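Listing of input24.txt, compact mmCIF, C-alpha atoms
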```txt
# COMPACT_ATOMS: atom_id res chain seq x y z
CA MET A 1 42.71 7.52 -139.06
CA SER A 2 44.38 4.50 -137.49
CA GLN A 3 43.38 3.44 -134.01
CA LEU A 4 46.12 3.30 -131.35
CA PRO A 5 46.59 -0.06 -129.59
CA ALA A 6 45.06 -0.34 -126.16
CA VAL A 7 47.43 -0.03 -123.24
CA ALA A 8 46.86 -2.32 -120.25
CA ALA A 9 46.11 -0.40 -117.10
CA ALA A 10 48.66 -0.68 -114.31
CA PRO A 11 47.43 -2.97 -111.56
CA THR A 12 46.24 -1.17 -108.49
CA GLY A 13 46.50 -4.23 -106.33
CA ARG A 14 48.46 -7.42 -106.61
CA THR A 15 48.16 -10.82 -105.00
CA PHE A 16 51.59 -12.24 -104.38
CA ARG A 17 53.38 -15.01 -102.55
CA PRO A 18 56.91 -13.62 -102.16
CA VAL A 19 58.14 -16.66 -100.20
CA ARG A 20 57.61 -19.82 -102.18
CA TRP A 21 56.63 -23.11 -100.64
CA GLY A 22 60.01 -24.54 -101.59
CA GLU A 23 61.79 -21.93 -99.45
CA LEU A 24 59.50 -22.68 -96.53
CA ALA A 25 60.19 -26.40 -96.88
CA VAL A 26 63.95 -25.84 -96.94
CA LEU A 27 63.79 -23.63 -93.83
CA ALA A 28 61.70 -26.23 -91.98
CA ALA A 29 64.10 -28.99 -93.04
CA VAL A 30 67.20 -27.05 -91.88
CA VAL A 31 65.67 -26.32 -88.46
CA ALA A 32 64.51 -29.93 -88.14
CA LEU A 33 67.97 -31.31 -88.96
CA VAL A 34 69.67 -28.96 -86.50
CA SER A 35 67.18 -29.79 -83.74
CA PHE A 36 67.55 -33.51 -84.38
CA GLY A 37 71.34 -33.27 -84.48
CA VAL A 38 71.53 -31.43 -81.15
CA THR A 39 69.35 -34.03 -79.39
CA ALA A 40 70.50 -37.18 -81.23
CA SER A 41 72.70 -38.30 -78.33
CA GLN A 42 69.60 -38.59 -76.14
CA LEU A 43 68.27 -41.32 -78.42
CA THR A 44 71.15 -43.62 -77.48
CA ASP A 45 71.60 -42.54 -73.84
CA TRP A 46 71.19 -45.57 -71.59
CA GLY A 47 70.08 -43.46 -68.62
CA PRO A 48 66.58 -42.38 -67.57
CA SER A 49 64.47 -40.27 -69.93
CA LEU A 50 63.17 -37.15 -68.20
CA TRP A 51 60.28 -34.99 -69.36
CA THR A 52 61.90 -31.96 -67.74
CA ILE A 53 64.91 -32.28 -70.04
CA THR A 54 62.88 -33.13 -73.15
CA SER A 55 60.57 -30.16 -72.58
CA ALA A 56 63.58 -27.89 -72.11
CA ASP A 57 64.99 -29.12 -75.43
CA PHE A 58 62.50 -26.82 -77.17
CA ARG A 59 64.58 -24.00 -75.70
CA GLN A 60 68.03 -25.58 -75.61
CA VAL A 61 68.31 -26.50 -79.30
CA GLN A 62 67.84 -22.84 -80.16
CA ALA A 63 71.40 -22.11 -79.11
CA ILE A 64 72.12 -23.10 -82.72
CA ALA A 65 68.71 -23.18 -84.40
CA GLY A 66 67.77 -19.67 -83.18
CA PRO A 67 70.62 -17.77 -84.86
CA LEU A 68 70.05 -19.81 -88.04
CA ILE A 69 66.38 -18.82 -88.03
CA ALA A 70 67.30 -15.16 -87.56
CA ALA A 71 69.83 -15.30 -90.40
CA TRP A 72 67.37 -17.08 -92.69
CA LEU A 73 64.68 -14.49 -92.04
CA ALA A 74 67.17 -11.68 -92.68
CA PHE A 75 68.00 -13.34 -96.00
CA SER A 76 64.32 -13.77 -96.91
CA ALA A 77 63.62 -10.10 -96.15
CA ARG A 78 65.85 -9.13 -99.07
CA LEU A 79 62.74 -9.61 -101.27
CA ARG A 80 61.39 -6.36 -99.83
CA PHE A 81 64.03 -4.51 -101.85
CA THR A 82 63.19 -6.21 -105.15
CA ALA A 83 60.39 -6.14 -107.71
CA ALA A 84 59.23 -9.57 -106.56
CA CYS A 85 56.79 -7.84 -104.25
CA GLY A 86 55.00 -6.02 -107.08
CA ARG A 87 54.38 -2.27 -107.23
CA VAL A 88 55.45 -1.45 -103.72
CA PRO A 89 57.16 1.82 -102.86
CA GLY A 90 60.20 1.75 -100.60
CA ARG A 91 60.39 -1.19 -98.25
CA GLY A 92 56.81 -2.27 -98.76
CA TYR A 93 53.44 -2.56 -97.07
CA ALA A 94 52.38 -4.31 -93.89
CA SER A 95 50.82 -7.11 -95.96
CA ILE A 96 54.30 -8.09 -97.08
CA THR A 97 55.42 -8.46 -93.47
CA ILE A 98 52.43 -10.70 -92.77
CA ASN A 99 53.05 -12.85 -95.83
CA HIS A 100 56.78 -13.11 -95.16
CA LEU A 101 57.10 -13.23 -91.39
CA GLY A 102 54.00 -15.28 -90.62
CA ARG A 103 54.77 -18.00 -93.15
CA LEU A 104 58.46 -18.18 -92.30
CA TRP A 105 57.84 -18.39 -88.55
CA LEU A 106 55.35 -21.23 -89.05
CA ALA A 107 57.94 -23.05 -91.16
CA ALA A 108 60.63 -22.60 -88.48
CA ALA A 109 58.29 -23.70 -85.67
CA THR A 110 57.22 -26.74 -87.69
CA GLY A 111 60.84 -27.68 -88.26
CA LEU A 112 61.56 -27.38 -84.55
CA VAL A 113 58.69 -29.69 -83.63
CA VAL A 114 59.54 -32.24 -86.33
CA GLY A 115 63.22 -32.28 -85.34
CA LEU A 116 62.40 -32.91 -81.68
CA LEU A 117 59.70 -35.49 -82.38
CA PRO A 118 62.07 -38.50 -82.08
CA VAL A 119 63.28 -37.56 -78.61
CA VAL A 120 59.70 -36.72 -77.55
CA ILE A 121 58.51 -40.16 -78.67
CA ARG A 122 61.41 -41.88 -76.91
CA THR A 123 60.70 -40.00 -73.70
CA ALA A 124 57.01 -40.90 -73.91
CA LEU A 125 57.97 -44.59 -74.21
CA ARG A 126 60.69 -44.67 -71.52
CA ALA A 127 59.91 -42.02 -68.90
CA THR A 128 58.80 -43.54 -65.60
CA ALA A 129 57.28 -40.39 -64.10
CA GLY A 130 55.84 -37.02 -65.04
CA GLY A 131 54.74 -35.65 -68.38
CA PRO A 132 55.47 -32.83 -70.84
CA ASP A 133 55.86 -29.34 -69.39
CA TRP A 134 53.63 -27.58 -71.91
CA LEU A 135 54.43 -24.10 -70.66
CA VAL A 136 58.15 -24.67 -71.23
CA ILE A 137 57.41 -26.06 -74.70
CA VAL A 138 55.24 -23.06 -75.60
CA SER A 139 57.96 -20.70 -74.39
CA GLY A 140 60.33 -22.43 -76.81
CA LEU A 141 57.93 -21.87 -79.72
CA ALA A 142 57.49 -18.25 -78.66
CA GLN A 143 61.24 -17.92 -78.74
CA THR A 144 61.30 -18.97 -82.41
CA ALA A 145 58.86 -16.13 -83.10
CA ALA A 146 61.30 -13.67 -81.53
CA TRP A 147 64.23 -15.03 -83.54
CA ALA A 148 62.19 -14.81 -86.73
CA ALA A 149 60.88 -11.29 -86.12
CA CYS A 150 64.24 -9.85 -85.06
CA GLY A 151 66.03 -11.42 -88.00
CA TYR A 152 63.37 -10.17 -90.40
CA LEU A 153 63.60 -6.63 -89.03
CA VAL A 154 67.38 -6.64 -89.53
CA GLY A 155 66.90 -7.92 -93.07
CA ALA A 156 64.35 -5.21 -93.83
CA VAL A 157 66.57 -2.40 -92.56
CA LEU A 158 69.96 -3.51 -93.91
CA ARG A 159 70.92 -4.70 -97.32
CA TYR A 160 72.03 -8.26 -98.03
CA PRO A 161 74.63 -9.67 -97.20
CA TYR A 162 75.29 -7.32 -94.26
CA SER A 163 71.89 -8.12 -92.77
CA VAL A 164 72.55 -11.88 -92.75
CA ALA A 165 76.01 -11.49 -91.21
CA LEU A 166 74.69 -9.23 -88.46
CA ALA A 167 71.70 -11.48 -87.72
CA LEU A 168 73.82 -14.63 -87.51
CA LEU A 169 76.89 -13.38 -85.66
CA GLY A 170 74.93 -11.02 -83.42
CA SER A 171 72.52 -13.78 -82.42
CA LEU A 172 75.31 -16.25 -81.62
CA ALA A 173 77.10 -13.64 -79.51
CA LEU A 174 73.88 -12.84 -77.66
CA VAL A 175 73.14 -16.51 -76.94
CA PHE A 176 76.46 -17.30 -75.33
CA LEU A 177 76.93 -13.92 -73.64
CA LEU A 178 73.60 -14.14 -71.81
CA ALA A 179 74.16 -17.81 -71.00
CA GLY A 180 77.54 -16.98 -69.51
CA LEU A 181 76.15 -14.10 -67.46
CA GLY A 182 73.34 -16.32 -66.19
CA TYR A 183 75.76 -19.07 -65.20
CA GLU A 184 78.07 -16.66 -63.36
CA ALA A 185 75.10 -15.17 -61.50
CA GLY A 186 74.16 -18.62 -60.22
CA GLY A 187 70.45 -17.87 -60.08
CA GLY A 188 67.80 -16.37 -62.31
CA GLU A 189 69.59 -13.09 -63.00
CA TRP A 190 70.29 -12.83 -66.76
CA ARG A 191 69.27 -16.45 -67.16
CA ILE A 192 65.65 -15.40 -67.32
CA LEU A 193 66.55 -13.43 -70.47
CA ALA A 194 68.93 -16.01 -71.94
CA PRO A 195 67.69 -17.93 -75.00
CA TRP A 196 69.82 -20.91 -73.92
CA TRP A 197 70.86 -22.17 -70.47
CA ASN A 198 74.22 -23.91 -70.14
CA GLU A 199 72.93 -26.34 -67.55
CA GLU A 200 70.19 -28.92 -67.14
CA VAL A 201 67.65 -29.61 -64.45
CA TYR A 202 68.37 -32.29 -61.88
CA PHE A 203 66.14 -35.16 -60.93
CA ALA A 204 63.14 -34.11 -58.86
CA GLU A 205 63.38 -30.53 -60.14
CA HIS A 206 61.27 -28.47 -62.52
CA GLU A 207 61.32 -25.06 -64.12
CA LEU A 208 59.10 -22.65 -62.23
CA PRO A 209 55.82 -22.04 -64.10
CA ALA A 210 56.06 -18.30 -63.43
CA VAL A 211 59.45 -18.23 -65.15
CA SER A 212 58.11 -20.15 -68.17
CA ALA A 213 55.10 -17.83 -68.43
CA PHE A 214 57.32 -14.76 -68.21
CA ARG A 215 59.56 -16.09 -70.96
CA CYS A 216 56.51 -16.67 -73.19
CA LEU A 217 55.43 -13.10 -72.60
CA GLU A 218 58.83 -11.52 -73.20
CA TRP A 219 59.49 -13.41 -76.45
CA LEU A 220 56.05 -12.66 -77.85
CA ALA A 221 56.40 -9.01 -76.83
CA LEU A 222 59.75 -8.80 -78.60
CA ALA A 223 58.34 -10.43 -81.75
CA GLY A 224 55.38 -8.05 -81.73
CA ALA A 225 57.65 -5.06 -81.21
CA CYS A 226 59.76 -5.98 -84.24
CA ALA A 227 56.66 -6.32 -86.43
CA TRP A 228 55.20 -3.05 -85.10
CA ALA A 229 58.48 -1.20 -85.61
CA LEU A 230 58.63 -2.42 -89.18
CA SER A 231 55.10 -1.24 -89.84
CA TRP A 232 56.10 2.29 -88.80
CA LEU A 233 59.23 2.16 -90.92
CA ASP A 234 57.01 1.19 -93.87
CA GLU A 235 54.69 4.15 -93.31
CA ARG A 236 55.92 6.47 -96.05
CA SER A 237 53.43 9.23 -95.31
CA GLN A 238 55.40 10.18 -92.18
CA GLY A 239 58.74 11.91 -91.95
CA ARG A 240 61.89 9.89 -91.39
CA TRP A 241 62.57 10.92 -87.80
CA ARG A 242 58.94 10.57 -86.83
CA ARG A 243 58.90 7.03 -88.20
CA LEU A 244 62.12 6.17 -86.37
CA GLY A 245 60.74 7.56 -83.11
CA GLN A 246 57.51 5.61 -83.40
CA ALA A 247 59.44 2.46 -84.26
CA ALA A 248 61.58 2.91 -81.15
CA VAL A 249 58.46 3.24 -78.99
CA ALA A 250 57.52 -0.31 -80.04
CA PHE A 251 60.37 -1.70 -77.95
CA VAL A 252 59.32 0.00 -74.70
CA ALA A 253 57.13 -2.94 -73.62
CA PRO A 254 59.71 -5.75 -74.11
CA ALA A 255 62.43 -3.57 -72.60
CA ALA A 256 60.27 -2.96 -69.51
CA LEU A 257 59.57 -6.69 -69.22
CA MET A 258 63.25 -7.56 -69.41
CA ALA A 259 64.19 -4.89 -66.88
CA GLY A 260 61.51 -6.23 -64.54
CA GLY A 261 62.84 -9.77 -64.93
CA LEU A 262 66.34 -8.64 -63.99
CA ALA A 263 65.04 -6.65 -61.03
CA VAL A 264 63.04 -9.58 -59.61
CA ASN A 265 65.93 -12.01 -60.22
CA PRO A 266 63.93 -15.20 -59.65
CA TRP A 267 65.40 -18.62 -59.06
CA VAL A 268 64.44 -20.52 -62.18
CA PHE A 269 64.33 -24.09 -60.78
CA ALA A 270 62.41 -25.56 -57.86
CA ASP A 271 62.55 -28.91 -56.07
CA ASP A 272 59.63 -31.24 -56.60
CA ASP A 273 58.57 -31.95 -53.03
CA GLN A 274 55.94 -34.42 -54.24
CA ALA A 275 58.36 -36.55 -56.26
CA SER A 276 57.65 -40.27 -55.89
CA VAL A 277 60.37 -42.56 -54.59
CA GLU A 278 61.08 -46.25 -55.25
CA CYS A 279 63.17 -48.37 -52.86
CA VAL A 280 64.84 -51.78 -52.75
CA THR A 281 66.13 -53.68 -49.71
CA LEU A 282 69.84 -54.49 -49.75
CA THR A 283 71.52 -57.58 -48.39
CA SER A 284 72.52 -55.57 -45.32
CA GLY A 285 68.85 -54.87 -44.59
CA SER A 286 69.21 -51.19 -45.44
CA ASN A 287 66.99 -49.48 -47.99
CA LEU A 288 68.29 -47.96 -51.22
CA CYS A 289 65.87 -45.39 -52.63
CA LEU A 290 65.74 -43.43 -55.90
CA TYR A 291 63.29 -40.96 -57.33
CA GLN A 292 60.74 -42.69 -59.53
CA GLU A 293 61.89 -40.82 -62.62
CA ALA A 294 65.37 -42.29 -62.02
CA SER A 295 64.14 -45.80 -61.22
CA ASP A 296 65.92 -47.16 -64.32
CA LEU A 297 69.11 -46.76 -62.30
CA LEU A 298 67.96 -49.03 -59.45
CA PRO A 299 69.45 -52.31 -60.77
CA LEU A 300 72.83 -50.65 -61.40
CA ALA A 301 72.73 -48.88 -58.04
CA GLN A 302 71.86 -52.07 -56.18
CA GLU A 303 74.68 -53.94 -57.91
CA ALA A 304 77.16 -51.20 -57.00
CA VAL A 305 76.11 -51.05 -53.35
CA ASP A 306 76.20 -54.81 -53.00
CA GLY A 307 79.80 -54.55 -54.20
CA VAL A 308 80.51 -52.14 -51.35
CA ILE A 309 78.95 -54.55 -48.87
CA ASP A 310 80.97 -57.48 -50.23
CA GLN A 311 84.22 -55.58 -49.80
CA PHE A 312 83.58 -53.68 -46.55
CA GLY A 313 81.10 -55.89 -44.75
CA ASP A 314 77.42 -55.32 -44.08
CA ALA A 315 77.97 -54.71 -40.38
CA ALA A 316 79.30 -51.25 -41.23
CA LEU A 317 76.39 -50.40 -43.51
CA LYS A 318 73.35 -49.82 -41.37
CA ALA A 319 71.99 -46.48 -42.55
CA ASP A 320 69.27 -46.19 -45.17
CA PHE A 321 70.32 -44.63 -48.46
CA GLY A 322 68.04 -41.81 -49.63
CA PRO A 323 67.45 -40.72 -53.21
CA ASP A 324 69.35 -37.44 -53.23
CA TRP A 325 72.64 -38.98 -54.36
CA VAL A 326 71.13 -39.33 -57.81
CA LEU A 327 71.21 -35.55 -58.14
CA SER A 328 74.90 -35.98 -58.96
CA HIS A 329 74.02 -37.98 -62.07
CA ARG A 330 73.85 -36.09 -65.33
CA ARG A 331 72.62 -37.12 -68.72
CA GLY A 332 75.45 -38.70 -70.68
CA ASP A 333 77.26 -40.20 -67.67
CA SER A 334 78.58 -43.70 -68.34
CA GLN A 335 77.45 -46.65 -66.27
CA ALA A 336 80.92 -46.78 -64.69
CA THR A 337 80.58 -43.13 -63.62
CA VAL A 338 77.19 -43.75 -62.08
CA ARG A 339 78.51 -46.86 -60.32
CA GLU A 340 81.29 -44.79 -58.76
CA LEU A 341 78.74 -42.15 -57.71
CA VAL A 342 76.67 -44.81 -56.01
CA GLN A 343 79.62 -46.33 -54.22
CA GLY A 344 81.12 -43.01 -53.19
CA ASN A 345 77.86 -41.52 -51.97
CA TYR A 346 76.73 -44.68 -50.28
CA VAL A 347 80.01 -45.17 -48.48
CA GLY A 348 80.09 -41.51 -47.52
CA ALA A 349 76.54 -41.48 -46.19
CA ALA A 350 76.25 -44.91 -44.63
CA VAL A 351 79.80 -45.72 -43.49
CA PHE A 352 81.45 -42.42 -42.74
CA GLY A 353 78.50 -40.43 -41.46
CA GLU A 354 79.40 -37.32 -43.45
CA THR A 355 76.11 -35.65 -42.60
CA SER A 356 76.72 -36.14 -38.87
CA CYS A 357 80.13 -34.47 -39.20
CA ALA A 358 78.58 -31.09 -39.93
CA LEU A 359 76.55 -28.66 -37.90
CA PRO A 360 72.92 -27.98 -38.92
CA ASP A 361 74.09 -25.06 -41.06
CA GLY A 362 76.54 -27.32 -42.91
CA THR A 363 79.69 -26.02 -41.15
CA PRO A 364 82.29 -28.83 -40.71
CA THR A 365 83.24 -29.84 -37.17
CA ASP A 366 86.72 -30.51 -35.82
CA ALA A 367 86.30 -34.26 -36.27
CA SER A 368 85.29 -34.00 -39.90
CA GLN A 369 88.83 -33.68 -41.34
CA LEU A 370 89.95 -37.07 -40.09
CA GLN A 371 86.79 -38.76 -41.29
CA SER A 372 87.01 -36.97 -44.61
CA ASN A 373 90.53 -38.34 -45.11
CA VAL A 374 89.35 -41.82 -44.16
CA TYR A 375 86.51 -41.43 -46.66
CA SER A 376 88.89 -40.39 -49.43
CA SER A 377 91.27 -43.26 -48.72
CA VAL A 378 88.65 -46.01 -48.64
CA THR A 379 86.53 -44.80 -51.57
CA GLY A 380 89.66 -44.26 -53.66
CA ARG A 381 90.72 -47.79 -52.83
CA LEU A 382 87.30 -49.07 -53.82
CA ALA A 383 87.57 -47.32 -57.18
CA GLY A 384 91.08 -48.66 -57.76
CA GLN A 385 92.71 -45.23 -57.55
CA GLU A 386 96.35 -44.73 -56.61
CA GLN A 387 96.75 -43.40 -53.07
CA VAL A 388 98.54 -40.05 -52.74
CA PHE A 389 99.68 -38.93 -49.29
CA PHE A 390 100.75 -35.57 -47.89
CA GLU A 391 102.49 -34.59 -44.68
CA GLY A 392 100.30 -34.34 -41.61
CA ALA A 393 98.92 -36.38 -38.73
CA GLU A 394 95.68 -37.13 -40.55
CA ASP A 395 97.60 -38.55 -43.50
CA THR A 396 99.24 -41.05 -41.20
CA ALA A 397 95.78 -42.52 -40.70
CA MET A 398 95.33 -42.72 -44.46
CA VAL A 399 98.64 -44.58 -44.77
CA ARG A 400 97.52 -47.08 -42.16
CA LEU A 401 94.27 -47.69 -44.00
CA ALA A 402 96.02 -48.03 -47.34
CA THR A 403 98.38 -50.71 -46.01
CA MET A 404 95.57 -52.81 -44.53
CA THR A 405 94.53 -55.97 -46.30
CA ASP A 406 90.91 -56.32 -47.42
CA ALA A 407 90.18 -58.53 -44.43
CA GLU A 408 91.80 -56.08 -42.01
CA LEU A 409 89.94 -53.14 -43.55
CA LYS A 410 86.61 -54.96 -43.35
CA ALA A 411 87.23 -55.78 -39.67
CA TRP A 412 88.25 -52.18 -38.96
CA LEU A 413 85.12 -50.79 -40.58
CA THR A 414 82.95 -53.23 -38.67
CA THR A 415 84.53 -52.20 -35.36
CA ASN A 416 84.56 -48.46 -36.03
CA GLY A 417 81.28 -48.20 -37.90
CA PRO A 418 79.33 -46.72 -34.93
CA ALA A 419 82.02 -44.10 -34.27
CA LEU A 420 82.14 -43.18 -37.95
CA ARG A 421 78.38 -42.70 -38.21
CA ALA A 422 78.39 -40.60 -35.02
CA CYS A 423 81.37 -38.53 -36.23
CA GLN A 424 83.35 -39.55 -33.13
CA LEU A 425 86.38 -41.15 -34.74
CA THR A 426 89.57 -39.88 -33.06
CA ASP A 427 92.29 -42.12 -34.54
CA VAL A 428 92.96 -45.02 -36.89
CA GLU A 429 94.48 -47.88 -34.94
```

Hey, can you dump this file as structure tokens for me?
Amino acid sequence: MSQLPAVAAAPTGRTFRPVRWGELAVLAAVVALVSFGVTASQLTDWGPSLWTITSADFRQVQAIAGPLIAAWLAFSARLRFTAACGRVPGRGYASITINHLGRLWLAAATGLVVGLLPVVIRTALRATAGGPDWLVIVSGLAQTAAWAACGYLVGAVLRYPYSVALALLGSLALVFLLAGLGYEAGGGEWRILAPWWNEEVYFAEHELPAVSAFRCLEWLALAGACAWALSWLDERSQGRWRRLGQAAVAFVAPAALMAGGLAVNPWVFADDDQASVECVTLTSGSNLCLYQEASDLLPLAQEAVDGVIDQFGDAALKADFGPDWVLSHRRGDSQATVRELVQGNYVGAAVFGETSCALPDGTPTDASQLQSNVYSSVTGRLAGQEQVFFEGAEDTAMVRLATMTDAELKAWLTTNGPALRACQLTDVE
């Protein structure tokens, strides 16, 4: 009697690596290139390097990198529907989620760090004050976990290519919708939930630590909820509706956190009252001061103000010039733009006494309109702008100023400087 050939027993367990190292490397490279591309302009920006902006880049670059991560994870989750995972019923076991999601998130986070490394190094070499805001940086890395987990959940529930389309387009819509709502609100409302903020911090400002900590918590809670929900969907021993109900319960915690953030509506930025200041003495004897983190602008600012003194005369410029004008400067401004900001703000503060033309609550006084028109006429002339006049008594004063020669204007400013600074100017003679 012939003996039957032995049949290999079906494996009861299987060690697998569904996501290959090559896929992880490609994901990391894509995120790194996107992060580098978004911040590349900072590498050639002539202005000051600020740690507040560089730290926030870990959040800001995810306006583009985040949706790409979500779409990539949705694409990678397609393996849960194939035989590549071994003998796995339905959508798979929790071990698949760990092998997929954990590895892919680490690849995305690594790509983010590598892509931002050039701007971090440049900031470390050029920044004149402060240091990295580690809580803001960690909140950015936590945000990548949320992108990854949400994208993976979509990819595990929907078939490819619908899952990728929904993850990509839905994420982009969410980014810009929440950013727009946060901008319109003007404070922390919606912005505390927004993955990307369509504004930057000013000099001598920082993101509130409580806001950064909250954002860490909400992103990690959302990532955990997605993984937990998927584990219930994978539990085949339960009925369909029971699994769906338990998966929905996973999102109670992040939903409560987000509702609490909206209810509190915090202001997300705060002034740095301890910011150091550097000053130089001008030829007029006045002081020109800037925040230490903006001290790279001092030579340009001094050159611009000396130009004002040369044209208008130092007798009219007696007030010290504080550092708050620099709040008008934004990253990417040209040197010409900053020079005009210096001249306009200096002339406004030191020559025309704009602050003295307002009540303590900021309400303009009756005398402020005339001085405001004088300010517009003289600063426009300084910047080489064409003068435009409208009907009205105040505009007659602007016409008189515009027709003065440089010598006549300098003499007029010298004579009327005290009245300007006291907001007591009544006419232009």

>> Between CA of Leu220 (chain A) and CA of Ser139 (chain A), what is the distance in Å, rounded to a tenth?
In response: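 Taking CA of Leu220 (chain A) as the start and CA of Ser139 (chain A) as the end point, the length is 9.0 Å.
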
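For the atom pair formed by CA of Gln60 (chain A) and CA of Gln274 (chain A), the distance is 26.1 Å, given to one decimal.
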
>> Please compute the CA of Pro161 (chain A)-CA of Phe75 (chain A) distance, one decimal, in Å.
In response: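 A separation of 7.7 Å between them.
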
> Which neighbours of Leu141 (chain A) fall inside 10 Å, counting all atoms listed in the file, when residues of the same chain fewer than 3 positions from it are skipped, and could you give them as a PyMOL selection string?
Replying inline: chain A and resi 58-59+62+105-106+108-110+112-113+135-138+144-146+216+219-220

Leaving out Ala124 (chain A) and any residue of its chain fewer than 6 positions from it, which residues lie within 9 Å of it when counting all atoms listed in the file, given as a PDB file with C-alpha atoms, keeping the file's coordinate frame?
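Once everything was written out, this is result17.pdb:
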```
ATOM      1  CA  SER A  49      64.470 -40.270 -69.930  1.00  0.00           C
ATOM      2  CA  TRP A  51      60.280 -34.990 -69.360  1.00  0.00           C
ATOM      3  CA  GLY A 131      54.740 -35.650 -68.380  1.00  0.00           C
ATOM      4  CA  PRO A 132      55.470 -32.830 -70.840  1.00  0.00           C
TER       5      PRO A 132
END
```

>> When you look at Arg103 (chain A) with a cut-off of 10 Å (counting all atoms listed in the file), what residues show up, excluding the ones that are within fewer than 3 positions of it in the same chain? I need them as a list in words.
In response: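 Residues near the query, excluding close chain neighbours: Arg17, Val19, Arg20, Trp21, Leu24, Thr97, Ile98, Asn99, His100, Leu106, Ala107 and Ala108 of chain A.
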
> Which is closest to Leu73 (chain A) among A:Ala142, A:Asp45, A:Leu166, A:Val34, if we use all atoms listed in the file?
Replying inline: A:Leu166

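Closest approach to Leu262 (chain A) from the set A:Ala247, A:Cys289, A:Ala301, A:Val211 is made by A:Val211, with distances taken over only C-alpha atoms.
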